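Source file: my_file.txt. Holds: compact mmCIF, C-alpha atoms.
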# COMPACT_ATOMS: atom_id res chain seq x y z
CA MET A 1 -8.36 -20.27 3.28
CA THR A 2 -10.33 -18.56 6.05
CA ALA A 3 -11.38 -14.90 5.82
CA LEU A 4 -8.71 -14.00 8.36
CA ARG A 5 -6.02 -15.80 6.35
CA ARG A 6 -7.19 -14.12 3.14
CA ALA A 7 -6.96 -10.75 4.85
CA LEU A 8 -3.51 -11.52 6.22
CA ALA A 9 -2.34 -12.75 2.84
CA ARG A 10 -3.62 -9.60 1.17
CA ALA A 11 -1.92 -7.43 3.78
CA MET A 12 1.32 -9.33 3.27
CA PHE A 13 1.03 -8.88 -0.48
CA VAL A 14 0.66 -5.11 -0.11
CA ALA A 15 3.67 -5.00 2.20
CA LEU A 16 5.76 -7.06 -0.21
CA ALA A 17 4.69 -4.90 -3.12
CA MET A 18 6.25 -1.92 -1.36
CA VAL A 19 9.65 -3.61 -1.31
CA ALA A 20 9.40 -5.42 -4.65
CA PRO A 21 11.92 -4.48 -7.34
CA LEU A 22 10.85 -1.45 -9.35
CA ALA A 23 10.96 -3.25 -12.67
CA SER A 24 8.81 -2.03 -15.52
CA ARG A 25 5.58 -3.99 -15.63
CA ASP A 26 3.18 -4.60 -18.45
CA ALA A 27 -0.35 -3.78 -17.25
CA GLN A 28 -1.51 -7.18 -18.49
CA ALA A 29 1.31 -9.16 -16.94
CA VAL A 30 0.59 -11.29 -13.89
CA THR A 31 2.22 -10.29 -10.65
CA GLY A 32 1.81 -11.87 -7.28
CA VAL A 33 3.28 -13.58 -4.27
CA VAL A 34 3.77 -17.20 -3.18
CA ILE A 35 3.19 -17.84 0.52
CA ASP A 36 3.34 -20.74 2.98
CA ALA A 37 -0.16 -21.91 3.93
CA SER A 38 0.85 -22.58 7.53
CA THR A 39 2.89 -19.49 8.37
CA LEU A 40 1.66 -17.07 5.67
CA LYS A 41 5.30 -16.15 5.15
CA PRO A 42 6.63 -15.68 1.60
CA VAL A 43 8.28 -18.63 -0.14
CA ALA A 44 11.50 -17.57 -1.81
CA ASP A 45 12.79 -19.27 -4.97
CA ALA A 46 9.45 -20.98 -5.64
CA ILE A 47 8.96 -22.12 -9.25
CA VAL A 48 6.13 -20.27 -11.00
CA THR A 49 4.85 -21.71 -14.28
CA THR A 50 2.65 -20.13 -16.96
CA ALA A 51 2.08 -20.78 -20.65
CA ALA A 52 4.79 -18.22 -21.30
CA GLY A 53 7.43 -20.13 -19.35
CA VAL A 54 8.96 -20.53 -15.91
CA THR A 55 10.15 -17.94 -13.42
CA ARG A 56 11.10 -17.95 -9.74
CA THR A 57 10.05 -15.86 -6.81
CA ASP A 58 12.51 -13.43 -5.26
CA GLU A 59 13.53 -13.35 -1.60
CA HIS A 60 10.19 -11.74 -0.75
CA GLY A 61 8.16 -14.43 -2.54
CA TRP A 62 7.34 -11.93 -5.29
CA PHE A 63 7.00 -12.84 -8.97
CA ASP A 64 6.19 -11.07 -12.22
CA THR A 65 5.48 -13.18 -15.31
CA GLY A 66 6.11 -10.30 -17.71
CA GLN A 67 3.32 -11.59 -19.96
CA PRO A 68 -0.43 -12.11 -19.66
CA THR A 69 -1.72 -15.57 -18.82
CA ALA A 70 -5.02 -17.26 -18.02
CA SER A 71 -3.61 -19.76 -15.54
CA ILE A 72 -0.63 -20.01 -13.25
CA ALA A 73 0.99 -22.75 -11.18
CA ALA A 74 3.66 -22.94 -8.51
CA ARG A 75 5.73 -25.43 -6.57
CA ALA A 76 8.67 -25.53 -4.19
CA PRO A 77 10.56 -28.33 -2.41
CA GLY A 78 8.81 -29.26 0.81
CA TYR A 79 5.35 -28.29 -0.44
CA LEU A 80 2.50 -29.61 -2.56
CA ARG A 81 2.18 -28.02 -5.98
CA THR A 82 -0.72 -25.69 -6.68
CA ASP A 83 -2.38 -23.84 -9.55
CA ALA A 84 -4.94 -21.10 -10.07
CA HIS A 85 -6.91 -19.31 -12.78
CA VAL A 86 -6.15 -15.67 -13.40
CA SER A 87 -8.94 -13.15 -13.86
CA GLY A 88 -8.57 -9.41 -14.22
CA ASP A 89 -5.39 -7.56 -13.40
CA GLU A 90 -5.45 -8.06 -9.63
CA PRO A 91 -2.27 -9.46 -8.07
CA VAL A 92 -2.32 -13.22 -7.48
CA THR A 93 -1.62 -14.94 -4.17
CA LEU A 94 -0.53 -18.56 -4.55
CA THR A 95 -0.55 -20.61 -1.35
CA LEU A 96 1.69 -23.65 -0.96
CA THR A 97 0.84 -26.35 1.58
CA PRO A 98 3.81 -27.88 3.43
CA PHE A 99 4.14 -31.60 2.75
CA ARG A 100 6.76 -34.29 3.32
CA PRO A 101 6.08 -37.57 1.46
CA ARG A 102 6.37 -40.86 3.36
CA ALA A 103 6.04 -43.33 0.56
CA LEU A 104 5.72 -47.00 -0.24
CA TYR A 105 6.94 -48.46 -3.53
CA LEU A 106 4.55 -50.34 -5.83
CA SER A 107 5.94 -52.13 -8.87
CA VAL A 108 4.11 -52.62 -12.16
CA PHE A 109 2.68 -55.79 -10.64
CA GLY A 110 1.90 -54.10 -7.33
CA ILE A 111 -0.14 -51.23 -8.75
CA THR A 112 -2.16 -53.51 -11.05
CA SER A 113 -2.84 -56.07 -8.29
CA ALA A 114 -5.94 -55.06 -6.33
CA THR A 115 -4.63 -57.05 -3.37
CA LEU A 116 -1.24 -55.34 -3.17
CA ARG A 117 -2.61 -51.92 -4.09
CA ASN A 118 -5.38 -52.04 -1.50
CA ALA A 119 -2.95 -53.24 1.15
CA ALA A 120 -0.81 -50.15 0.50
CA THR A 121 -3.72 -47.72 0.52
CA ASN A 122 -5.07 -49.27 3.72
CA LEU A 123 -1.70 -48.66 5.37
CA ALA A 124 -2.06 -45.00 4.49
CA GLN A 125 -5.18 -44.89 6.66
CA ARG A 126 -3.45 -46.50 9.65
CA THR A 127 0.16 -45.34 9.54
CA ALA A 128 2.39 -42.41 8.58
CA ILE A 129 2.26 -43.34 4.86
CA ASN A 130 0.91 -40.54 2.65
CA ALA A 131 2.48 -41.24 -0.75
CA LEU A 132 3.15 -43.98 -3.31
CA VAL A 133 6.03 -44.49 -5.74
CA ILE A 134 4.50 -46.28 -8.73
CA ASP A 135 6.34 -47.94 -11.59
CA VAL A 136 5.42 -46.28 -14.88
CA LYS A 137 8.26 -48.11 -16.62
CA GLY A 138 9.80 -50.76 -14.40
CA ASP A 139 13.08 -52.62 -14.29
CA ARG A 140 12.05 -54.97 -17.10
CA GLY A 141 10.58 -52.25 -19.30
CA LEU A 142 6.97 -53.07 -18.46
CA THR A 143 4.26 -50.44 -18.02
CA PRO A 144 1.05 -50.80 -15.95
CA TYR A 145 -1.01 -49.16 -18.70
CA ARG A 146 -1.14 -49.19 -22.48
CA SER A 147 1.61 -46.72 -23.30
CA GLN A 148 1.33 -44.95 -26.63
CA ALA A 149 4.99 -44.00 -26.37
CA ARG A 150 6.04 -47.64 -25.99
CA GLU A 151 3.80 -48.84 -28.80
CA ALA A 152 4.91 -46.09 -31.18
CA ILE A 153 8.56 -47.10 -30.85
CA GLY A 154 7.97 -50.86 -30.87
CA ALA A 155 8.92 -51.41 -27.24
CA ALA A 156 5.61 -52.53 -25.78
CA ALA A 157 5.93 -55.63 -23.61
CA LYS A 158 5.96 -59.00 -25.31
CA THR A 159 2.86 -61.15 -24.87
CA SER A 160 4.75 -63.56 -22.59
CA GLU A 161 5.82 -60.69 -20.33
CA ARG A 162 2.58 -58.71 -20.14
CA VAL A 163 1.11 -57.77 -16.81
CA SER A 164 -2.55 -57.18 -16.12
CA MET A 165 -2.70 -53.59 -17.31
CA ALA A 166 -5.05 -51.06 -15.75
CA ARG A 167 -7.99 -50.36 -18.06
CA ASP A 168 -8.14 -46.70 -17.08
CA PHE A 169 -4.88 -45.71 -15.44
CA PRO A 170 -5.69 -41.97 -15.13
CA ALA A 171 -8.92 -42.91 -13.31
CA LEU A 172 -6.95 -45.14 -10.96
CA LEU A 173 -4.58 -42.26 -10.22
CA ALA A 174 -7.53 -39.95 -9.63
CA ASP A 175 -8.91 -42.42 -7.09
CA LEU A 176 -5.56 -42.55 -5.29
CA HIS A 177 -5.44 -38.76 -5.25
CA ALA A 178 -8.93 -38.72 -3.77
CA ARG A 179 -7.46 -40.74 -0.91
CA ARG A 180 -5.04 -37.83 -0.39
CA LEU A 181 -2.01 -39.73 -1.61
CA TYR A 182 0.93 -37.97 -3.26
CA LEU A 183 1.87 -39.91 -6.40
CA ILE A 184 5.39 -40.36 -7.74
CA ALA A 185 6.00 -41.93 -11.18
CA ARG A 186 9.12 -44.09 -11.23
CA ILE A 187 10.66 -44.41 -14.70
CA VAL A 188 13.61 -46.77 -15.21
CA VAL A 189 15.59 -45.01 -17.92
CA PHE A 190 18.69 -46.68 -19.34
CA LYS A 191 17.98 -50.27 -18.30
CA ASP A 192 15.42 -51.25 -20.92
CA ASP A 193 15.42 -54.73 -22.44
CA PRO A 194 12.32 -54.29 -24.66
CA LEU A 195 13.68 -51.07 -26.15
CA ALA A 196 17.02 -52.76 -26.85
CA ASP A 197 15.21 -55.55 -28.70
CA ALA A 198 13.27 -52.99 -30.73
CA HIS A 199 16.27 -50.72 -31.41
CA PRO A 200 19.55 -52.61 -30.94
CA GLU A 201 21.40 -49.72 -32.60
CA TRP A 202 20.75 -47.65 -29.43
CA SER A 203 21.90 -50.29 -26.96
CA VAL A 204 25.11 -50.81 -24.98
CA ARG A 205 27.63 -53.19 -26.56
CA ASP A 206 30.49 -55.23 -25.16
CA ALA A 207 34.09 -54.81 -26.34
CA LYS A 208 33.42 -57.15 -29.29
CA GLY A 209 30.36 -55.22 -30.44
CA ARG A 210 27.83 -57.75 -29.19
CA PRO A 211 24.68 -56.76 -27.23
CA TRP A 212 25.63 -56.58 -23.55
CA ARG A 213 23.44 -57.98 -20.77
CA ASP A 214 23.74 -57.42 -17.03
CA ARG A 215 23.66 -60.04 -14.27
CA GLU A 216 19.89 -60.33 -14.66
CA GLY A 217 20.25 -60.97 -18.38
CA LEU A 218 18.78 -57.57 -19.27
CA GLN A 219 20.03 -55.13 -21.88
CA TRP A 220 20.81 -51.46 -21.36
CA MET A 221 20.49 -48.43 -23.59
CA ASP A 222 23.34 -46.07 -24.43
CA PRO A 223 23.00 -42.94 -22.24
CA PHE A 224 24.59 -40.91 -25.05
CA SER A 225 21.70 -41.70 -27.42
CA ARG A 226 19.38 -38.73 -27.90
CA ASP A 227 16.80 -41.13 -29.34
CA VAL A 228 16.77 -42.96 -26.00
CA TRP A 229 16.44 -39.62 -24.21
CA GLN A 230 13.50 -38.67 -26.41
CA HIS A 231 11.65 -41.92 -25.78
CA ASN A 232 11.99 -41.67 -22.02
CA LEU A 233 10.86 -38.05 -22.10
CA ASP A 234 7.80 -39.17 -24.06
CA ILE A 235 6.98 -41.59 -21.25
CA ALA A 236 7.62 -38.93 -18.61
CA GLU A 237 5.22 -36.58 -20.38
CA GLU A 238 2.62 -39.35 -20.50
CA ALA A 239 2.96 -39.71 -16.73
CA ALA A 240 2.65 -35.96 -16.17
CA ARG A 241 -0.48 -35.80 -18.31
CA MET A 242 -2.04 -38.67 -16.38
CA GLY A 243 -1.78 -36.70 -13.16
CA PHE A 244 1.35 -37.74 -11.27
CA ASP A 245 2.68 -35.14 -8.83
CA GLU A 246 6.32 -36.04 -9.41
CA ILE A 247 8.44 -37.77 -12.04
CA GLN A 248 11.30 -39.81 -10.61
CA PHE A 249 14.00 -41.21 -12.89
CA ASP A 250 15.78 -44.40 -11.83
CA TYR A 251 18.72 -46.16 -13.48
CA VAL A 252 19.64 -42.75 -14.83
CA ARG A 253 23.27 -43.79 -15.04
CA PHE A 254 25.83 -45.78 -16.96
CA PRO A 255 26.20 -49.52 -16.21
CA ASP A 256 28.71 -50.26 -13.44
CA GLN A 257 30.69 -52.58 -15.72
CA ARG A 258 34.03 -52.00 -17.38
CA GLY A 259 34.94 -52.64 -21.00
CA LEU A 260 31.65 -51.62 -22.60
CA ALA A 261 31.22 -49.70 -25.84
CA PHE A 262 29.18 -46.50 -26.18
CA ALA A 263 28.60 -43.92 -28.88
CA LEU A 264 31.15 -41.58 -27.26
CA PRO A 265 34.35 -42.21 -25.27
CA ASN A 266 33.52 -43.43 -21.76
CA THR A 267 35.18 -40.57 -19.87
CA ARG A 268 34.07 -38.95 -16.64
CA ALA A 269 33.34 -35.65 -18.40
CA ASN A 270 31.27 -37.34 -21.09
CA ARG A 271 29.37 -39.45 -18.58
CA THR A 272 28.38 -36.58 -16.30
CA ALA A 273 27.43 -34.44 -19.29
CA ALA A 274 25.14 -37.19 -20.57
CA ILE A 275 23.37 -37.74 -17.24
CA THR A 276 22.92 -34.07 -16.36
CA GLY A 277 22.02 -33.34 -19.97
CA PHE A 278 19.22 -35.89 -19.92
CA LEU A 279 17.89 -34.60 -16.60
CA GLN A 280 17.97 -31.00 -17.79
CA ALA A 281 16.12 -32.04 -20.95
CA ALA A 282 13.53 -33.72 -18.73
CA ARG A 283 13.14 -30.58 -16.64
CA THR A 284 12.57 -28.52 -19.78
CA ARG A 285 10.12 -31.02 -21.30
CA LEU A 286 8.10 -31.32 -18.09
CA ALA A 287 8.07 -27.60 -17.24
CA PRO A 288 4.53 -26.93 -18.55
CA TYR A 289 3.09 -29.55 -16.19
CA ASN A 290 4.41 -28.10 -12.90
CA VAL A 291 5.48 -31.57 -11.73
CA PHE A 292 8.42 -32.13 -9.41
CA VAL A 293 11.45 -33.77 -11.05
CA ALA A 294 13.60 -36.25 -9.12
CA ALA A 295 16.28 -38.87 -9.73
CA ASP A 296 17.64 -41.85 -7.81
CA ILE A 297 21.36 -42.13 -7.15
CA PHE A 298 23.63 -44.75 -5.61
CA GLY A 299 24.17 -44.34 -1.87
CA TYR A 300 27.95 -44.12 -2.26
CA VAL A 301 27.49 -41.16 -4.63
CA CYS A 302 26.90 -39.10 -1.47
CA TRP A 303 30.48 -39.94 -0.45
CA ASN A 304 32.52 -40.41 -3.62
CA THR A 305 34.22 -37.29 -4.93
CA ASN A 306 34.09 -38.54 -8.52
CA ASP A 307 31.11 -39.74 -10.58
CA THR A 308 31.44 -43.33 -9.26
CA ALA A 309 32.18 -44.27 -12.91
CA ILE A 310 28.46 -44.15 -13.71
CA GLY A 311 27.91 -40.45 -14.48
CA GLN A 312 26.33 -39.52 -11.14
CA GLN A 313 28.21 -36.53 -9.67
CA ILE A 314 26.14 -35.21 -6.78
CA GLU A 315 27.37 -31.60 -7.06
CA LEU A 316 25.95 -31.41 -10.61
CA LEU A 317 22.40 -32.51 -9.77
CA ASP A 318 21.11 -29.32 -8.15
CA ALA A 319 20.07 -27.47 -11.32
CA PRO A 320 18.09 -30.17 -13.15
CA LEU A 321 16.32 -31.66 -10.11
CA ASP A 322 13.85 -30.65 -7.43
CA TYR A 323 14.70 -33.73 -5.36
CA ILE A 324 17.78 -35.95 -5.18
CA SER A 325 16.98 -39.46 -3.92
CA PRO A 326 19.99 -41.44 -2.70
CA MET A 327 19.37 -45.15 -2.20
CA LEU A 328 20.59 -45.47 1.38
CA TYR A 329 19.92 -49.17 1.91
CA PRO A 330 22.42 -50.39 4.54
CA SER A 331 22.73 -53.65 2.58
CA GLY A 332 24.03 -51.64 -0.37
CA PHE A 333 26.97 -50.24 1.59
CA THR A 334 29.03 -53.37 1.06
CA TRP A 335 32.32 -51.61 1.89
CA GLY A 336 30.84 -49.95 4.96
CA LEU A 337 31.63 -46.38 6.00
CA PRO A 338 34.44 -44.96 8.12
CA GLY A 339 33.88 -46.41 11.58
CA ILE A 340 31.03 -48.67 10.41
CA ALA A 341 32.08 -52.15 9.32
CA ASP A 342 28.58 -53.67 9.55
CA PRO A 343 26.11 -51.21 8.01
CA THR A 344 23.04 -53.36 8.72
CA ALA A 345 23.75 -53.09 12.46
CA GLU A 346 23.60 -49.28 12.30
CA PRO A 347 20.93 -48.34 9.73
CA GLY A 348 20.26 -44.95 11.29
CA GLN A 349 23.94 -44.02 11.09
CA ILE A 350 24.10 -45.01 7.41
CA VAL A 351 21.14 -42.77 6.57
CA GLY A 352 22.02 -39.85 8.82
CA ARG A 353 25.69 -39.65 7.94
CA SER A 354 25.08 -40.08 4.21
CA LEU A 355 22.52 -37.28 4.13
CA ALA A 356 24.82 -35.06 6.17
CA GLU A 357 27.61 -35.72 3.68
CA ALA A 358 25.34 -34.98 0.71
CA ILE A 359 24.15 -31.72 2.28
CA LYS A 360 27.73 -30.66 3.03
CA ARG A 361 28.98 -31.58 -0.43
CA THR A 362 26.23 -29.75 -2.32
CA GLY A 363 25.42 -26.89 0.02
CA LEU A 364 21.73 -27.70 -0.48
CA PRO A 365 19.17 -27.76 2.35
CA GLY A 366 17.92 -31.11 3.61
CA VAL A 367 14.55 -30.60 1.95
CA ARG A 368 16.17 -31.12 -1.46
CA PHE A 369 16.83 -34.77 -0.59
CA ARG A 370 14.37 -37.64 -0.19
CA PRO A 371 16.12 -40.96 0.46
CA TRP A 372 15.13 -44.49 -0.38
CA LEU A 373 15.19 -46.62 2.79
CA GLN A 374 15.44 -50.38 3.28
CA ALA A 375 12.27 -52.36 4.05
CA PHE A 376 13.52 -55.73 2.84
CA ARG A 377 15.68 -58.53 4.24
CA ASP A 378 19.43 -57.98 4.13
CA TYR A 379 21.22 -59.76 1.27
CA ALA A 380 24.86 -58.74 1.80
CA PHE A 381 25.76 -59.36 5.44
CA ASP A 382 23.83 -61.52 7.93
CA HIS A 383 20.47 -61.68 6.10
CA ARG A 384 18.62 -60.07 8.98
CA VAL A 385 15.02 -58.92 8.65
CA PHE A 386 14.58 -55.16 8.60
CA ASP A 387 11.82 -54.85 11.18
CA ALA A 388 10.13 -51.89 12.87
CA THR A 389 13.26 -51.01 14.85
CA ALA A 390 15.51 -50.91 11.77
CA ILE A 391 12.94 -49.04 9.70
CA ARG A 392 12.27 -46.51 12.46
CA ALA A 393 16.01 -45.89 12.86
CA GLN A 394 16.19 -44.98 9.18
CA THR A 395 13.09 -42.80 9.08
CA ASP A 396 14.11 -40.98 12.25
CA ALA A 397 17.53 -40.25 10.75
CA ALA A 398 15.97 -38.92 7.53
CA ASP A 399 13.57 -36.72 9.47
CA ALA A 400 16.39 -35.43 11.68
CA ALA A 401 18.32 -34.41 8.56
CA GLY A 402 15.36 -32.30 7.42
CA SER A 403 14.84 -34.39 4.28
CA ASP A 404 11.70 -34.14 2.18
CA GLY A 405 10.31 -37.29 3.76
CA TRP A 406 11.44 -40.74 2.69
CA MET A 407 10.50 -43.76 0.55
CA LEU A 408 10.47 -47.42 1.59
CA TRP A 409 11.64 -50.03 -0.90
CA ASN A 410 10.40 -53.59 -0.85
CA PRO A 411 10.61 -55.32 -4.26
CA ARG A 412 7.74 -57.65 -3.31
CA ASN A 413 5.53 -54.72 -2.30
CA GLN A 414 4.93 -56.31 1.08
CA TYR A 415 4.75 -53.95 4.04
CA ASP A 416 3.77 -54.64 7.65
CA ALA A 417 1.62 -52.13 9.53
CA ASN A 418 3.55 -52.95 12.69
CA ASP A 419 6.67 -51.53 11.01
CA LEU A 420 4.92 -48.31 10.03
CA LEU A 421 3.43 -46.83 13.17
CA ARG A 422 2.08 -43.33 12.66
CA GLN A 423 4.67 -40.71 13.56
Rewritten as structure tokens:
Amino acid sequence: MTALRRALARAMFVALAMVAPLASRDAQAVTGVVIDASTLKPVADAIVTTAAGVTRTDEHGWFDTGQPTASIAARAPGYLRTDAHVSGDEPVTLTLTPFRPRALYLSVFGITSATLRNAATNLAQRTAINALVIDVKGDRGLTPYRSQAREAIGAAAKTSERVSMARDFPALLADLHARRLYLIARIVVFKDDPLADAHPEWSVRDAKGRPWRDREGLQWMDPFSRDVWQHNLDIAEEAARMGFDEIQFDYVRFPDQRGLAFALPNTRANRTAAITGFLQAARTRLAPYNVFVAADIFGYVCWNTNDTAIGQQIELLDAPLDYISPMLYPSGFTWGLPGIADPTAEPGQIVGRSLAEAIKRTGLPGVRFRPWLQAFRDYAFDHRVFDATAIRAQTDAADAAGSDGWMLWNPRNQYDANDLLRQ
């Protein structure tokens, strides 16, 4: 921060101190203000983290930890996280840099392949891309590093399924950070074939009590199982310790299949309690690391007034999450939307209208949403290629809604620079 900005920040702090609540303050407690690096205006409702716990700034950006601390961290939707050391009893000014991720997805195979990984990082130098979503535990339960959490519970990948694991995954992440990339850890939660093999007592069963497998032949874990929760939180904490900026939970839902057996009755109330309960547990577990917490939801969850029979009720996701990430792939809207019979012909409308509906339903600002967008060939309608025009229509719609950026999904990790012109 320049000398002028430091002076302005200090002046703002003094002004805010004059209007701050007259609460009793321990002389050793840490007080301060969180401000926007661009405008120098206070950031209200920012999350401030210390060893003593978590608090939030008031409408003036003011905070008071109530207890002494040697270090302090802060974050807020729409910004990069930050941290600082505390010395003396001077008030602390924490400055948050505005940031909207524009991300590419890399699977377990993509992040460990030098070819695919370098292709993605090169695109970040030439296009609008400034972030990566990286599989920490993918759809088939594989990890791109040697996970102590997986090994401890007996769910490490089988020899026949192993990928080429990174020798030093934290060092790889540090290198990606040095390239100024925001890093999001994707963790597939309740779809976990290796964990089901290791602990069948925690898995989903069919009506006859047999292990159930989905259309891909993969097993799922019971979302009611606290043991399954604990294991996935162990993996999330591993990711936070390795340096990810954000933890994103995928498949954090019940299977979309009727007639299955779970530990508790499969009612709407029980389902939503399980999903929000897990996410709240994740928020609590990850609090010391000052990482953003996000979850992926079905696109139709933005529209359905119930939990879509999978436990995802959009109005209940505000408290446990920093970001809600609806998967707004036009190919996934197989029943269309009112007035849109062919979603792939109007990708911008699918994204824009779905985000508008989500914002209206929840009362949250657009910055609390970051959608997944389609960068792969259609599979449900006319099998068209989603080219630069289709991708730009989606990204423009997300930006117009004020979302916290967007993420492009291509399961093969193949992205064309011509589709990703710098915006």
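When atom CA of Ile310 of chain A is paired with atom CA of Arg253 of chain A, their separation reads 5.4 Å.
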Interatomic distance between atom CA of Met221 of chain A and atom CA of Val189 of chain A?
-> 8.2 Å
Could you tell me which of A:Val33, A:Leu260, A:Ala51, A:Leu40 comes closest to Arg210 of chain A if we count all atoms listed in the file?
->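 Nearest candidate to Arg210 of chain A out of A:Val33, A:Leu260, A:Ala51, A:Leu40: A:Leu260.
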Can you work out which one of A:Gly217, A:Gly154, A:Gly61, A:Gly110 has the shortest atom-to-atom distance to Ile134 of chain A, counting all atoms listed in the file?
->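 For Ile134 of chain A, the nearest of the candidates is A:Gly110.
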Contacts of Gly366 of chain A within 6 Å, all atoms listed in the file, excl. fewer than 3 positions in-chain, as a ChimeraX atom specification | /A:369,401-403
For Asp399 of chain A, please output as a PyMOL selection string all residues within 12 Å (counting all atoms listed in the file; exclusion window: fewer than 6 positions along the same chain).
-> chain A and resi 100-102+348+351-352+355-356+366-367+369-371+392-393+405-407+423
